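start.csv (CSV, C-alpha atoms) appears below.
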chain,number,residue,atom,x,y,z
A,1,MET,CA,99.7,82.4,125.4
A,2,ALA,CA,99.2,84.4,122.2
A,3,SER,CA,99.7,83.3,118.7
A,4,THR,CA,100.8,85.7,116.0
A,5,VAL,CA,99.6,85.5,112.4
A,6,TYR,CA,101.3,87.6,109.8
A,7,LEU,CA,98.7,87.9,107.1
A,8,MET,CA,100.3,88.9,103.8
A,9,ARG,CA,99.1,89.9,100.4
A,10,HIS,CA,100.8,88.2,97.5
A,11,GLY,CA,103.1,90.2,95.1
A,12,ARG,CA,101.8,91.9,92.0
A,13,THR,CA,100.5,90.2,88.8
A,14,ALA,CA,99.7,91.6,85.4
A,15,LEU,CA,96.0,91.5,86.4
A,16,ASN,CA,96.7,93.6,89.5
A,17,ALA,CA,98.5,96.1,87.3
A,18,ALA,CA,95.5,96.2,84.9
A,19,GLY,CA,93.1,96.9,87.8
A,20,VAL,CA,90.7,94.0,87.1
A,21,LEU,CA,89.1,91.4,89.4
A,22,ARG,CA,91.4,88.4,89.8
A,23,GLY,CA,89.4,85.9,91.8
A,24,ARG,CA,90.3,82.3,90.8
A,25,ILE,CA,92.3,83.2,87.7
A,26,ASP,CA,95.6,81.5,88.5
A,27,GLU,CA,98.2,84.0,87.2
A,28,PRO,CA,101.8,84.1,88.2
A,29,LEU,CA,103.7,87.1,89.7
A,30,ASP,CA,105.1,89.6,87.3
A,31,SER,CA,108.6,91.0,87.7
A,32,ALA,CA,107.4,93.7,90.2
A,33,GLY,CA,105.5,91.0,92.1
A,34,ARG,CA,108.6,88.8,92.4
A,35,ALA,CA,110.5,91.8,93.8
A,36,GLU,CA,107.7,92.4,96.3
A,37,ALA,CA,107.8,88.8,97.4
A,38,ALA,CA,111.6,88.9,97.8
A,39,ARG,CA,111.3,92.0,100.0
A,40,LEU,CA,108.7,90.2,102.2
A,41,GLY,CA,111.1,87.3,102.4
A,42,SER,CA,114.0,89.5,103.5
A,43,LEU,CA,111.9,91.4,106.1
A,44,PHE,CA,110.6,88.2,107.7
A,45,ALA,CA,113.9,86.3,107.6
A,46,ALA,CA,114.5,87.6,111.1
A,47,VAL,CA,111.1,86.6,112.5
A,48,HIS,CA,110.9,83.1,114.0
A,49,LEU,CA,108.2,81.5,111.9
A,50,LEU,CA,106.8,78.0,112.7
A,51,ARG,CA,104.9,77.7,109.5
A,52,VAL,CA,104.1,79.4,106.2
A,53,VAL,CA,100.6,78.8,104.8
A,54,SER,CA,99.3,79.9,101.4
A,55,SER,CA,96.3,80.1,99.2
A,56,PRO,CA,96.6,77.5,96.5
A,57,LEU,CA,96.9,80.1,93.7
A,58,LYS,CA,100.3,80.6,92.0
A,59,ARG,CA,100.6,84.3,93.0
A,60,SER,CA,100.2,83.5,96.7
A,61,TYR,CA,102.2,80.3,96.6
A,62,ALA,CA,105.2,82.0,95.0
A,63,THR,CA,105.1,84.8,97.5
A,64,ALA,CA,104.9,82.3,100.4
A,65,CYS,CA,107.9,80.4,99.0
A,66,ALA,CA,109.9,83.6,99.2
A,67,VAL,CA,108.9,84.0,102.8
A,68,ALA,CA,109.5,80.4,103.7
A,69,GLU,CA,112.9,79.9,102.0
A,70,PRO,CA,115.1,81.8,104.6
A,71,HIS,CA,113.6,79.5,107.3
A,72,GLY,CA,114.0,76.2,105.4
A,73,LEU,CA,110.2,75.7,105.6
A,74,ALA,CA,107.9,74.0,103.2
A,75,VAL,CA,104.8,76.0,102.3
A,76,ALA,CA,101.5,74.5,103.4
A,77,VAL,CA,98.5,75.1,101.2
A,78,ASP,CA,95.1,75.8,102.6
A,79,PRO,CA,92.2,75.9,100.1
A,80,GLY,CA,90.1,77.9,102.5
A,81,LEU,CA,92.4,80.9,101.8
A,82,ILE,CA,91.7,81.0,98.0
A,83,ASP,CA,90.5,84.3,96.6
A,84,ARG,CA,86.8,85.1,96.3
A,85,ASP,CA,85.1,83.5,93.4
A,86,TYR,CA,84.0,86.2,90.9
A,87,GLY,CA,82.8,83.7,88.4
A,88,PRO,CA,82.3,85.2,84.9
A,89,TRP,CA,83.4,88.6,86.3
A,90,ALA,CA,87.0,87.5,86.9
A,91,GLY,CA,89.3,89.4,84.5
A,92,GLN,CA,86.8,92.3,84.3
A,93,ARG,CA,86.7,95.7,86.1
A,94,GLN,CA,84.8,95.8,89.3
A,95,GLU,CA,83.0,98.9,88.0
A,96,ALA,CA,81.4,96.8,85.3
A,97,LEU,CA,80.0,94.4,87.8
A,98,ALA,CA,78.8,97.2,90.1
A,99,ALA,CA,77.1,98.9,87.1
A,100,ARG,CA,75.2,95.8,86.4
A,101,TYR,CA,74.1,94.9,90.0
A,102,GLY,CA,74.8,98.1,92.0
A,103,ALA,CA,77.6,96.4,94.0
A,104,VAL,CA,79.8,93.3,94.0
A,105,ASP,CA,77.8,91.9,97.0
A,106,ALA,CA,74.5,92.4,95.1
A,107,ALA,CA,75.5,90.0,92.3
A,108,PRO,CA,73.6,86.7,92.2
A,109,ALA,CA,75.2,83.7,94.0
A,110,ASP,CA,75.6,81.8,90.8
A,111,GLU,CA,77.9,84.6,89.5
A,112,VAL,CA,79.8,85.8,92.6
A,113,GLU,CA,80.5,83.9,95.9
A,114,PRO,CA,78.2,85.4,98.4
A,115,ARG,CA,79.8,87.7,101.0
A,116,ALA,CA,78.6,85.8,104.1
A,117,ALA,CA,79.8,82.4,102.7
A,118,PHE,CA,83.1,83.9,101.7
A,119,GLU,CA,83.7,85.5,105.1
A,120,ARG,CA,82.8,82.3,106.9
A,121,ARG,CA,85.2,80.3,104.7
A,122,VAL,CA,88.2,82.6,105.2
A,123,ALA,CA,87.6,83.1,108.9
A,124,THR,CA,87.5,79.4,109.5
A,125,ALA,CA,90.8,79.0,107.6
A,126,LEU,CA,92.5,81.7,109.6
A,127,GLU,CA,91.2,80.4,113.0
A,128,ARG,CA,92.5,76.9,112.0
A,129,VAL,CA,95.9,78.4,111.2
A,130,ALA,CA,96.0,80.4,114.5
A,131,ARG,CA,95.1,77.3,116.6
A,132,GLU,CA,97.9,75.3,114.9
A,133,ALA,CA,100.4,78.1,115.6
A,134,ASP,CA,100.3,77.1,119.3
A,135,ALA,CA,101.6,80.3,120.8
A,136,GLY,CA,104.1,80.8,117.9
A,137,SER,CA,104.2,82.9,114.8
A,138,VAL,CA,102.9,81.9,111.4
A,139,ALA,CA,102.9,83.6,108.0
A,140,VAL,CA,99.8,83.4,105.8
A,141,VAL,CA,99.8,84.6,102.2
A,142,ALA,CA,96.4,85.3,100.7
A,143,HIS,CA,94.6,87.9,98.6
A,144,ASP,CA,93.2,91.5,98.8
A,145,ALA,CA,89.6,90.4,99.3
A,146,VAL,CA,90.6,87.7,101.8
A,147,ASN,CA,92.7,90.0,103.8
A,148,ARG,CA,90.2,92.8,103.9
A,149,ALA,CA,87.4,90.4,105.0
A,150,LEU,CA,89.5,89.0,107.8
A,151,ILE,CA,90.6,92.4,109.0
A,152,CYS,CA,87.0,93.6,109.2
A,153,THR,CA,85.4,90.4,110.5
A,154,MET,CA,88.0,89.1,112.9
A,155,GLY,CA,90.6,91.8,113.5
A,156,GLY,CA,88.4,94.4,115.2
A,157,ARG,CA,88.7,96.9,112.4
A,158,ARG,CA,85.3,98.2,111.6
A,159,GLY,CA,84.2,100.2,108.6
A,160,ALA,CA,84.2,99.5,104.8
A,161,ASP,CA,86.8,97.0,103.8
A,162,LYS,CA,87.5,99.1,100.7
A,163,ASP,CA,89.0,101.7,103.0
A,164,LEU,CA,91.7,99.3,104.3
A,165,PRO,CA,95.1,99.6,102.6
A,166,GLN,CA,96.2,96.2,101.1
A,167,PRO,CA,98.7,97.0,98.4
A,168,THR,CA,100.4,94.0,96.8
A,169,GLY,CA,103.3,92.7,98.9
A,170,CYS,CA,102.0,94.1,102.2
A,171,TRP,CA,101.6,92.5,105.6
A,172,ASN,CA,99.2,92.7,108.5
A,173,ARG,CA,99.7,91.4,112.1
A,174,PHE,CA,97.0,89.5,114.0
A,175,VAL,CA,97.4,88.4,117.6
A,176,PHE,CA,95.2,85.6,118.8
A,177,ALA,CA,94.8,85.4,122.6
A,178,ASP,CA,92.0,84.2,125.0
A,179,GLY,CA,89.8,83.2,122.1
A,180,ARG,CA,89.9,86.7,120.5
A,181,ALA,CA,91.8,88.2,117.6
A,182,ALA,CA,93.1,91.7,117.2
A,183,CYS,CA,94.7,93.2,114.1
A,184,GLU,CA,97.5,95.3,115.3
A,185,VAL,CA,99.1,96.3,112.0
A,186,VAL,CA,97.3,96.9,108.7
A,187,GLY,CA,98.8,97.3,105.2
A,188,ALA,CA,102.5,97.7,106.2
A,189,LEU,CA,105.1,97.4,103.5
A,190,PRO,CA,108.8,96.3,103.7
A,191,GLY,CA,110.9,99.4,104.0
A,192,ASP,CA,108.2,101.6,105.5
A,193,GLY,CA,109.7,101.4,109.0
A,194,THR,CA,107.1,99.1,110.5
A,195,LEU,CA,108.6,96.1,112.2
A,196,PRO,CA,107.0,92.7,112.4

Take the structure in the file and write it out as structure tokens.
Amino acid sequence: MASTVYLMRHGRTALNAAGVLRGRIDEPLDSAGRAEAARLGSLFAAVHLLRVVSSPLKRSYATACAVAEPHGLAVAVDPGLIDRDYGPWAGQRQEALAARYGAVDAAPADEVEPRAAFERRVATALERVAREADAGSVAVVAHDAVNRALICTMGGRRGADKDLPQPTGCWNRFVFADGRAACEVVGALPGDGTLP
């Protein structure tokens, strides 16, 4: 039996609009982000969801609430899904960090959460959610960096994660079966004709 995880990216915030690293900055959705969350909620109202799980940050939690509300579900929070820790670089442009170290992943571990540790953390969280789905469907609301890491490491989509579309308010579909995960849909948006 297969489990389906709909991995979503939260709606837009002012920091998204500014194009800076968000990381652990706990900023709420802006008006565009609230509209994106509402569109995800409308699209997934017709999908039988057993659970809705969110990163603990406000932007993800508010989006998850919009998805959970039509189902009468409470949102479960999983700390393993929190955004990558960019330390002192949160709120700054990624280009500034890359200019200093050559790349985000080259930054020292006391400044940016190391890629390998970050990928292990988010993969463990998604595997746990998929196991708990027990052949049903679950929605997970997380972040750009989280989603890209999961699509590359678990979803069978190889290549640079920067090339994967993950606009705010998008969704991806993972199917877990026979101990394997496959990402069947990447970066879909409500209204683009892609169905859950």

Review point. Between CA of Ala139 (chain A) and CA of Glu127 (chain A), what is the distance, to one decimal in Å?
Key: 13.1 Å

Could you build a table of the residues in region 97-164 of chain A lying no more than 12 Å from region 186-193 of chain A, giving for each the nearest pair of atoms and their separation in Å rounded to one decimal place, using only C-alpha atoms, ordered by chain and ascending residue number, as a Markdown table?
| residue | atom | partner | partner_atom | distance |
| --- | --- | --- | --- | --- |
| A:Asp144 | CA | A:Gly187 | CA | 10.3 |
| A:Asn147 | CA | A:Gly187 | CA | 9.6 |
| A:Arg148 | CA | A:Val186 | CA | 9.5 |
| A:Leu150 | CA | A:Val186 | CA | 11.1 |
| A:Ile151 | CA | A:Val186 | CA | 8.1 |
| A:Cys152 | CA | A:Val186 | CA | 10.8 |
| A:Gly155 | CA | A:Val186 | CA | 9.7 |
| A:Gly156 | CA | A:Val186 | CA | 11.3 |
| A:Arg157 | CA | A:Val186 | CA | 9.4 |
| A:Asp161 | CA | A:Val186 | CA | 11.6 |
| A:Asp163 | CA | A:Gly187 | CA | 11.0 |
| A:Leu164 | CA | A:Gly187 | CA | 7.4 |

Check your understanding: So which residues are close to (96.0, 82.7, 125.3), meaning at most 8 Å away in the file's coordinates with only C-alpha atoms counted, and can you show them as number ranges by chain?
Key -> A: 1-3, 135, 176-179

Review point. Which protein, DNA or RNA residues are at most 10 Å from (99.8, 81.6, 93.2) in the file's coordinates when you count only C-alpha atoms, listed as a list in words?
Key: His10, Gly11, Thr13, Arg24, Ile25, Asp26, Glu27, Pro28, Leu29, Ser54, Ser55, Pro56, Leu57, Lys58, Arg59, Ser60, Tyr61, Ala62, Thr63, Ala64, Ile82, Val141, Ala142 and His143 of chain A

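Note that the spacing between CA of Val175 (chain A) and CA of Tyr6 (chain A) amounts to 8.8 Å.
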
**Study point:** Å distance separating CA of Arg128 (chain A) from CA of Gly33 (chain A), one decimal place
**Key:** 27.6 Å

Check your understanding: Could you name the residues that touch region 14-22 of chain A at 9 Å or less, counting only C-alpha atoms, but leaving out those on the same chain fewer than 4 positions away, as a PyMOL selection string?
Key -> chain A and resi 26-30+33+83-86+89-94+168

Exercise for review: Could you tell me which of A:Leu81, A:Cys183, A:Ala32, A:Val47 comes closest to Leu195 (chain A) if we count all atoms listed in the file?
Suggested key: A:Val47

Check your understanding: Residues at most 12 Å from Arg51 (chain A), counting all atoms listed in the file, excluding those fewer than 5 positions away in the same chain, as a count of residues only?
Key -> 27
